>>> print(open('structure22.cif').read())   # mmCIF, C-alpha atoms
data_upload
#
loop_
_atom_site.label_atom_id
_atom_site.label_comp_id
_atom_site.auth_asym_id
_atom_site.auth_seq_id
_atom_site.Cartn_x
_atom_site.Cartn_y
_atom_site.Cartn_z
CA MET A 1 7.54 2.31 6.77
CA LYS A 2 6.54 5.81 7.89
CA ARG A 3 9.72 7.17 6.39
CA ILE A 4 8.96 5.51 3.05
CA ILE A 5 5.44 6.92 3.02
CA THR A 6 6.73 10.38 3.97
CA ILE A 7 9.31 10.29 1.20
CA CYS A 8 6.77 9.07 -1.35
CA LEU A 9 4.21 11.71 -0.51
CA THR A 10 6.84 14.45 -0.53
CA LEU A 11 8.05 13.20 -3.89
CA LEU A 12 4.49 13.05 -5.20
CA LEU A 13 3.84 16.63 -4.17
CA THR A 14 7.13 17.75 -5.71
CA LEU A 15 6.43 15.97 -8.98
CA SER A 16 2.91 17.37 -9.08
CA THR A 17 4.17 20.91 -8.46
CA HIS A 18 6.90 20.53 -11.09
CA ALA A 19 4.45 19.23 -13.70
CA GLN A 20 2.06 22.13 -13.04
CA GLY A 21 4.85 24.69 -13.39
CA GLN A 22 5.77 23.79 -16.99
CA PRO A 23 5.13 26.34 -19.74
CA GLN A 24 1.94 26.03 -21.78
CA GLY A 25 2.24 23.64 -24.69
CA GLN A 26 5.18 21.78 -23.18
CA GLN A 27 4.62 18.47 -21.51
CA SER A 28 7.14 16.26 -19.87
CA PRO A 29 7.56 12.90 -21.58
CA GLN A 30 5.66 11.33 -18.71
CA ARG A 31 3.37 13.54 -16.62
CA PHE A 32 2.55 12.41 -13.12
CA SER A 33 -1.11 11.73 -12.51
CA PRO A 34 -2.30 11.21 -8.91
CA GLU A 35 -5.34 9.36 -10.23
CA VAL A 36 -3.22 6.94 -12.27
CA PHE A 37 -0.84 6.48 -9.34
CA GLN A 38 -3.76 5.70 -7.00
CA ALA A 39 -5.25 3.24 -9.49
CA GLN A 40 -1.86 1.49 -9.89
CA PHE A 41 -1.46 1.38 -6.13
CA GLU A 42 -4.89 -0.14 -5.54
CA GLU A 43 -4.52 -2.65 -8.35
CA TYR A 44 -1.08 -3.69 -7.05
CA ILE A 45 -2.27 -4.07 -3.44
CA THR A 46 -5.34 -6.01 -4.54
CA ARG A 47 -3.31 -8.37 -6.71
CA GLU A 48 -0.25 -8.87 -4.50
CA ALA A 49 -2.17 -9.17 -1.21
CA HIS A 50 -4.74 -11.42 -2.95
CA LEU A 51 -7.71 -9.31 -1.87
CA THR A 52 -11.15 -10.39 -2.94
CA PRO A 53 -13.33 -7.70 -4.54
CA GLN A 54 -15.29 -7.51 -1.27
CA GLU A 55 -12.11 -7.07 0.80
CA ALA A 56 -10.82 -4.37 -1.56
CA ALA A 57 -14.18 -2.57 -1.42
CA ALA A 58 -14.04 -2.59 2.38
CA PHE A 59 -10.37 -1.64 2.66
CA PHE A 60 -9.65 1.13 0.13
CA PRO A 61 -12.21 3.73 1.24
CA ILE A 62 -10.80 3.54 4.77
CA TYR A 63 -7.24 3.64 3.44
CA ARG A 64 -7.97 6.74 1.31
CA GLU A 65 -9.50 8.43 4.36
CA MET A 66 -6.30 7.70 6.31
CA GLN A 67 -4.19 9.13 3.48
CA GLU A 68 -6.18 12.38 3.50
CA LYS A 69 -5.59 12.85 7.22
CA GLN A 70 -1.90 12.05 6.83
CA ARG A 71 -1.49 14.38 3.85
CA ALA A 72 -2.20 17.45 5.99
CA LEU A 73 0.51 16.39 8.42
CA PHE A 74 2.98 15.67 5.61
CA ASP A 75 2.34 19.19 4.33
CA ARG A 76 2.98 20.54 7.82
CA GLN A 77 6.26 18.60 8.04
CA ARG A 78 7.35 19.90 4.65
CA ASN A 79 6.58 23.47 5.67
CA LEU A 80 8.51 23.08 8.91
CA ALA A 81 11.57 21.87 7.00
CA ARG A 82 11.59 24.68 4.41
CA VAL A 83 13.47 27.36 6.30
CA LYS A 84 15.86 26.98 9.21
CA PRO A 85 14.86 29.29 12.06
CA ALA A 86 17.26 32.12 12.81
CA ASP A 87 17.76 31.37 16.50
CA GLU A 88 18.02 28.49 18.95
CA GLN A 89 14.49 28.99 20.30
CA GLY A 90 13.05 28.80 16.81
CA CYS A 91 15.02 25.64 16.04
CA LEU A 92 13.85 24.06 19.30
CA LYS A 93 10.24 24.92 18.47
CA VAL A 94 10.51 23.37 15.00
CA ILE A 95 12.12 20.20 16.39
CA LYS A 96 9.30 19.80 18.91
CA GLU A 97 6.65 20.44 16.24
CA ARG A 98 8.24 17.89 13.91
CA ASP A 99 8.34 15.33 16.72
CA GLU A 100 4.69 16.00 17.57
CA THR A 101 3.75 15.68 13.90
CA ASP A 102 5.57 12.32 13.70
CA LEU A 103 3.68 11.12 16.77
CA GLU A 104 0.37 12.30 15.34
CA LEU A 105 1.10 10.45 12.08
CA LYS A 106 1.74 7.29 14.10
CA ARG A 107 -1.48 7.79 16.10
CA ILE A 108 -3.46 8.13 12.86
CA GLN A 109 -1.79 5.02 11.47
CA GLN A 110 -2.55 3.07 14.63
CA ALA A 111 -6.20 4.16 14.68
CA TYR A 112 -6.67 3.21 11.04
CA HIS A 113 -4.93 -0.12 11.47
CA LEU A 114 -7.59 -0.89 14.10
CA ARG A 115 -10.29 0.13 11.63
CA PHE A 116 -8.74 -2.13 8.98
CA LEU A 117 -8.88 -4.98 11.49
CA GLU A 118 -12.62 -4.42 11.93
CA GLN A 119 -13.05 -5.19 8.22
CA LEU A 120 -10.30 -7.73 7.50
CA SER A 121 -8.39 -10.46 9.29
CA ALA A 122 -5.08 -9.63 10.96
CA SER A 123 -3.18 -11.78 8.47
CA ARG A 124 -4.82 -9.94 5.55
CA VAL A 125 -3.97 -6.52 7.06
CA TYR A 126 -0.41 -7.73 7.66
CA ASP A 127 -0.14 -8.79 4.01
CA ILE A 128 -1.48 -5.41 2.85
CA LEU A 129 1.07 -3.52 4.98
CA GLN A 130 3.91 -5.63 3.61
CA VAL A 131 2.77 -5.18 0.01
CA GLU A 132 2.26 -1.44 0.56
CA GLU A 133 5.86 -1.05 1.70
CA ARG A 134 7.09 -3.08 -1.28
CA PHE A 135 5.05 -0.92 -3.67
CA TYR A 136 6.51 2.35 -2.34
CA ARG A 137 10.07 0.99 -2.34
CA HIS A 138 9.63 -0.10 -5.94
CA MET A 139 8.19 3.25 -6.99
CA MET A 140 11.06 5.13 -5.35
CA ARG A 141 13.57 2.97 -7.22
CA SER A 142 11.77 3.38 -10.53
CA TRP A 143 11.51 7.18 -10.12
CA GLY A 144 15.22 7.26 -9.45
CA ARG A 145 15.91 5.43 -12.72
CA GLY A 146 13.48 7.51 -14.73
CA PRO A 147 11.20 6.18 -17.42
CA ARG A 148 12.38 3.20 -19.42
CA PRO A 149 11.38 2.14 -22.90
CA GLY A 150 7.92 0.64 -22.89
CA GLY A 151 6.80 2.72 -19.88
CA ARG A 152 7.99 0.16 -17.34
CA GLY A 153 9.76 2.81 -15.24
CA THR A 154 6.57 3.58 -13.35
CA GLN A 155 4.98 0.16 -13.05
CA PRO A 156 5.37 -2.05 -9.97
CA HIS A 157 6.94 -5.44 -10.55
CA GLY A 158 4.88 -7.73 -12.70
CA GLN A 159 3.00 -4.98 -14.52
CA GLN A 160 3.46 -3.54 -17.97
#
>>> encode(input="structure22.cif", output="structure tokens")
Amino acid sequence: MKRIITICLTLLLTLSTHAQGQPQGQQSPQRFSPEVFQAQFEEYITREAHLTPQEAAAFFPIYREMQEKQRALFDRQRNLARVKPADEQGCLKVIKERDETDLELKRIQQAYHLRFLEQLSASRVYDILQVEERFYRHMMRSWGRGPRPGGRGTQPHGQQ
């Protein structure tokens, strides 16, 4: 699941950077919007995990906080992967830093899972984690296909 989230966030940052770099007056047929993506994500999780409005109100602020902490580490991982060091010592240092970053991501995830469990039942948190993984897998597949007629290329299953 961590790999899926890492790939999604890297892709999101890439798409965002690409959309910002387009010449004035030219827009891609479908610009990426982090706000729209977040709204789709929250609506999908709420619907598919059958969250009540109270459960969603308790869960999503904590989840967004977790994402912010993870985003800094994803940026660090991306920066570490940009340029291969020139020597063995440099490569060893980058490998160790990437490993430490992976462990820190897992520690953050673990800490926030415990916070989720303070607000929701274990079965509800389990459902959310399963639905979250399904959402990201679906989005990766739909980005790979590109937009389809009717705008369905960016909507999780069951949405239009």
>>> closest_residue(input="structure22.cif", among="A:Lys84, A:His113, A:Arg31, A:Arg76", to="Arg98 of chain A", atoms="only C-alpha atoms")
A:Arg76
>>> residues_around(input="structure22.cif", residues="Tyr126 of chain A", least_positions_apart="6", cutoff="12 Å", atoms="all atoms listed in the file", output="list of chain:residue names")
A:Ile45, A:Ala49, A:His113, A:Leu114, A:Phe116, A:Leu117, A:Leu120, A:Glu132, A:Glu133
>>> atom_distance(input="structure22.cif", atom1="atom CA of Gln77 of chain A", atom2="atom CA of Cys91 of chain A")
13.8 Å
>>> closest_residue(input="structure22.cif", among="A:Leu73, A:Ala81, A:Ala56, A:Ala39", to="Glu100 of chain A", atoms="all atoms listed in the file")
A:Leu73
>>> closest_residue(input="structure22.cif", among="A:Phe135, A:Asp102, A:Phe74, A:Pro85", to="Glu43 of chain A", atoms="only C-alpha atoms")
A:Phe135
>>> closest_residue(input="structure22.cif", among="A:Tyr112, A:Phe41, A:Trp143, A:Tyr136", to="Lys69 of chain A", atoms="only C-alpha atoms")
A:Tyr112
>>> resolve_selection(input="structure22.cif", expression="the PyMOL selection byres ((chain A and resi 108) around 12)", output="PyMOL selection string")
chain A and resi 2+62-63+65-73+101-107+109-115
>>> atom_distance(input="structure22.cif", atom1="atom CA of Met139 of chain A", atom2="atom CA of Asp99 of chain A")
26.6 Å
>>> closest_residue(input="structure22.cif", among="A:Ile95, A:Ala122, A:Ala57, A:Val83", to="Glu42 of chain A", atoms="only C-alpha atoms")
A:Ala57
>>> closest_residue(input="structure22.cif", among="A:Asp75, A:Thr46, A:Val94, A:Met140", to="Val125 of chain A", atoms="only C-alpha atoms")
A:Thr46
>>> axis_aligned_box(input="structure22.cif", around="segment 55-58 of chain A", padding_each_side="6 Å", output="AutoDock Vina command-line options")
--center_x -12.5 --center_y -4.8 --center_z 0.4 --size_x 15.4 --size_y 16.5 --size_z 15.9
>>> atom_distance(input="structure22.cif", atom1="atom CA of Val36 of chain A", atom2="atom CA of Pro61 of chain A")
16.5 Å
>>> build_atoms(input="structure22.cif", residues="segment 128-139 of chain A", atoms="all heavy atoms", output="CSV table (one decimal), in the frame of the given file")
chain,number,residue,atom,x,y,z
A,128,ILE,N,-1.3,-6.7,3.5
A,128,ILE,CA,-1.5,-5.4,2.8
A,128,ILE,C,-0.3,-4.5,3.2
A,128,ILE,O,0.2,-3.8,2.4
A,128,ILE,CB,-2.8,-4.8,3.2
A,128,ILE,CG1,-4.0,-5.6,2.5
A,128,ILE,CG2,-2.9,-3.3,2.8
A,128,ILE,CD1,-5.4,-5.2,3.1
A,129,LEU,N,0.0,-4.4,4.5
A,129,LEU,CA,1.1,-3.5,5.0
A,129,LEU,C,2.4,-3.9,4.4
A,129,LEU,O,3.2,-3.0,4.0
A,129,LEU,CB,1.1,-3.5,6.5
A,129,LEU,CG,-0.1,-3.0,7.2
A,129,LEU,CD1,0.1,-3.1,8.7
A,129,LEU,CD2,-0.4,-1.6,6.8
A,130,GLN,N,2.7,-5.2,4.2
A,130,GLN,CA,3.9,-5.6,3.6
A,130,GLN,C,3.9,-5.3,2.1
A,130,GLN,O,5.0,-4.8,1.6
A,130,GLN,CB,4.1,-7.1,3.8
A,130,GLN,CG,4.3,-7.6,5.2
A,130,GLN,CD,5.5,-7.1,5.8
A,130,GLN,OE1,5.5,-6.2,6.6
A,130,GLN,NE2,6.7,-7.6,5.4
A,131,VAL,N,2.8,-5.5,1.4
A,131,VAL,CA,2.8,-5.2,0.0
A,131,VAL,C,2.8,-3.7,-0.2
A,131,VAL,O,3.5,-3.2,-1.2
A,131,VAL,CB,1.5,-5.8,-0.6
A,131,VAL,CG1,1.3,-5.3,-2.0
A,131,VAL,CG2,1.6,-7.3,-0.6
A,132,GLU,N,2.2,-2.9,0.7
A,132,GLU,CA,2.3,-1.4,0.6
A,132,GLU,C,3.7,-0.9,0.6
A,132,GLU,O,4.1,-0.1,-0.2
A,132,GLU,CB,1.4,-0.8,1.7
A,132,GLU,CG,1.5,0.7,1.7
A,132,GLU,CD,1.0,1.3,3.0
A,132,GLU,OE1,1.1,0.6,4.1
A,132,GLU,OE2,0.4,2.3,2.9
A,133,GLU,N,4.5,-1.4,1.6
A,133,GLU,CA,5.9,-1.0,1.7
A,133,GLU,C,6.7,-1.4,0.5
A,133,GLU,O,7.5,-0.7,0.0
A,133,GLU,CB,6.5,-1.7,2.9
A,133,GLU,CG,7.8,-1.2,3.3
A,133,GLU,CD,8.3,-1.7,4.6
A,133,GLU,OE1,7.5,-2.0,5.5
A,133,GLU,OE2,9.6,-1.8,4.8
A,134,ARG,N,6.4,-2.6,-0.1
A,134,ARG,CA,7.1,-3.1,-1.3
A,134,ARG,C,6.8,-2.2,-2.5
A,134,ARG,O,7.6,-1.8,-3.3
A,134,ARG,CB,6.7,-4.5,-1.6
A,134,ARG,CG,7.7,-5.3,-2.3
A,134,ARG,CD,7.4,-6.8,-2.3
A,134,ARG,NE,6.1,-7.2,-2.7
A,134,ARG,CZ,5.4,-8.1,-2.1
A,134,ARG,NH1,5.8,-8.6,-1.0
A,134,ARG,NH2,4.2,-8.4,-2.5
A,135,PHE,N,5.5,-1.8,-2.6
A,135,PHE,CA,5.0,-0.9,-3.7
A,135,PHE,C,5.8,0.4,-3.6
A,135,PHE,O,6.3,0.9,-4.6
A,135,PHE,CB,3.5,-0.7,-3.6
A,135,PHE,CG,3.0,0.3,-4.6
A,135,PHE,CD1,2.7,-0.1,-5.9
A,135,PHE,CD2,2.9,1.7,-4.3
A,135,PHE,CE1,2.2,0.8,-6.8
A,135,PHE,CE2,2.4,2.6,-5.2
A,135,PHE,CZ,2.1,2.1,-6.5
A,136,TYR,N,5.8,1.1,-2.5
A,136,TYR,CA,6.5,2.4,-2.3
A,136,TYR,C,8.0,2.2,-2.6
A,136,TYR,O,8.6,3.1,-3.2
A,136,TYR,CB,6.2,3.0,-1.0
A,136,TYR,CG,4.8,3.6,-1.0
A,136,TYR,CD1,3.9,3.1,0.0
A,136,TYR,CD2,4.4,4.5,-1.9
A,136,TYR,CE1,2.6,3.7,0.0
A,136,TYR,CE2,3.1,5.0,-1.9
A,136,TYR,CZ,2.2,4.6,-0.9
A,136,TYR,OH,0.9,5.1,-0.9
A,137,ARG,N,8.6,1.2,-2.1
A,137,ARG,CA,10.1,1.0,-2.3
A,137,ARG,C,10.3,0.9,-3.8
A,137,ARG,O,11.2,1.4,-4.4
A,137,ARG,CB,10.6,-0.3,-1.6
A,137,ARG,CG,11.3,0.0,-0.3
A,137,ARG,CD,12.1,-1.2,0.2
A,137,ARG,NE,11.5,-2.5,-0.1
A,137,ARG,CZ,10.8,-3.2,0.7
A,137,ARG,NH1,10.5,-2.8,1.9
A,137,ARG,NH2,10.4,-4.4,0.4
A,138,HIS,N,9.5,0.1,-4.5
A,138,HIS,CA,9.6,-0.1,-5.9
A,138,HIS,C,9.4,1.2,-6.7
A,138,HIS,O,10.2,1.5,-7.6
A,138,HIS,CB,8.6,-1.1,-6.5
A,138,HIS,CG,8.6,-1.2,-8.0
A,138,HIS,ND1,9.6,-1.9,-8.6
A,138,HIS,CD2,7.8,-0.6,-8.9
A,138,HIS,CE1,9.4,-1.8,-9.9
A,138,HIS,NE2,8.3,-1.0,-10.1
A,139,MET,N,8.4,2.0,-6.3
A,139,MET,CA,8.2,3.2,-7.0
A,139,MET,C,9.4,4.2,-6.8
A,139,MET,O,9.7,4.9,-7.7
A,139,MET,CB,6.9,3.9,-6.5
A,139,MET,CG,5.6,3.1,-6.9
A,139,MET,SD,5.5,2.7,-8.7
A,139,MET,CE,5.0,4.3,-9.3
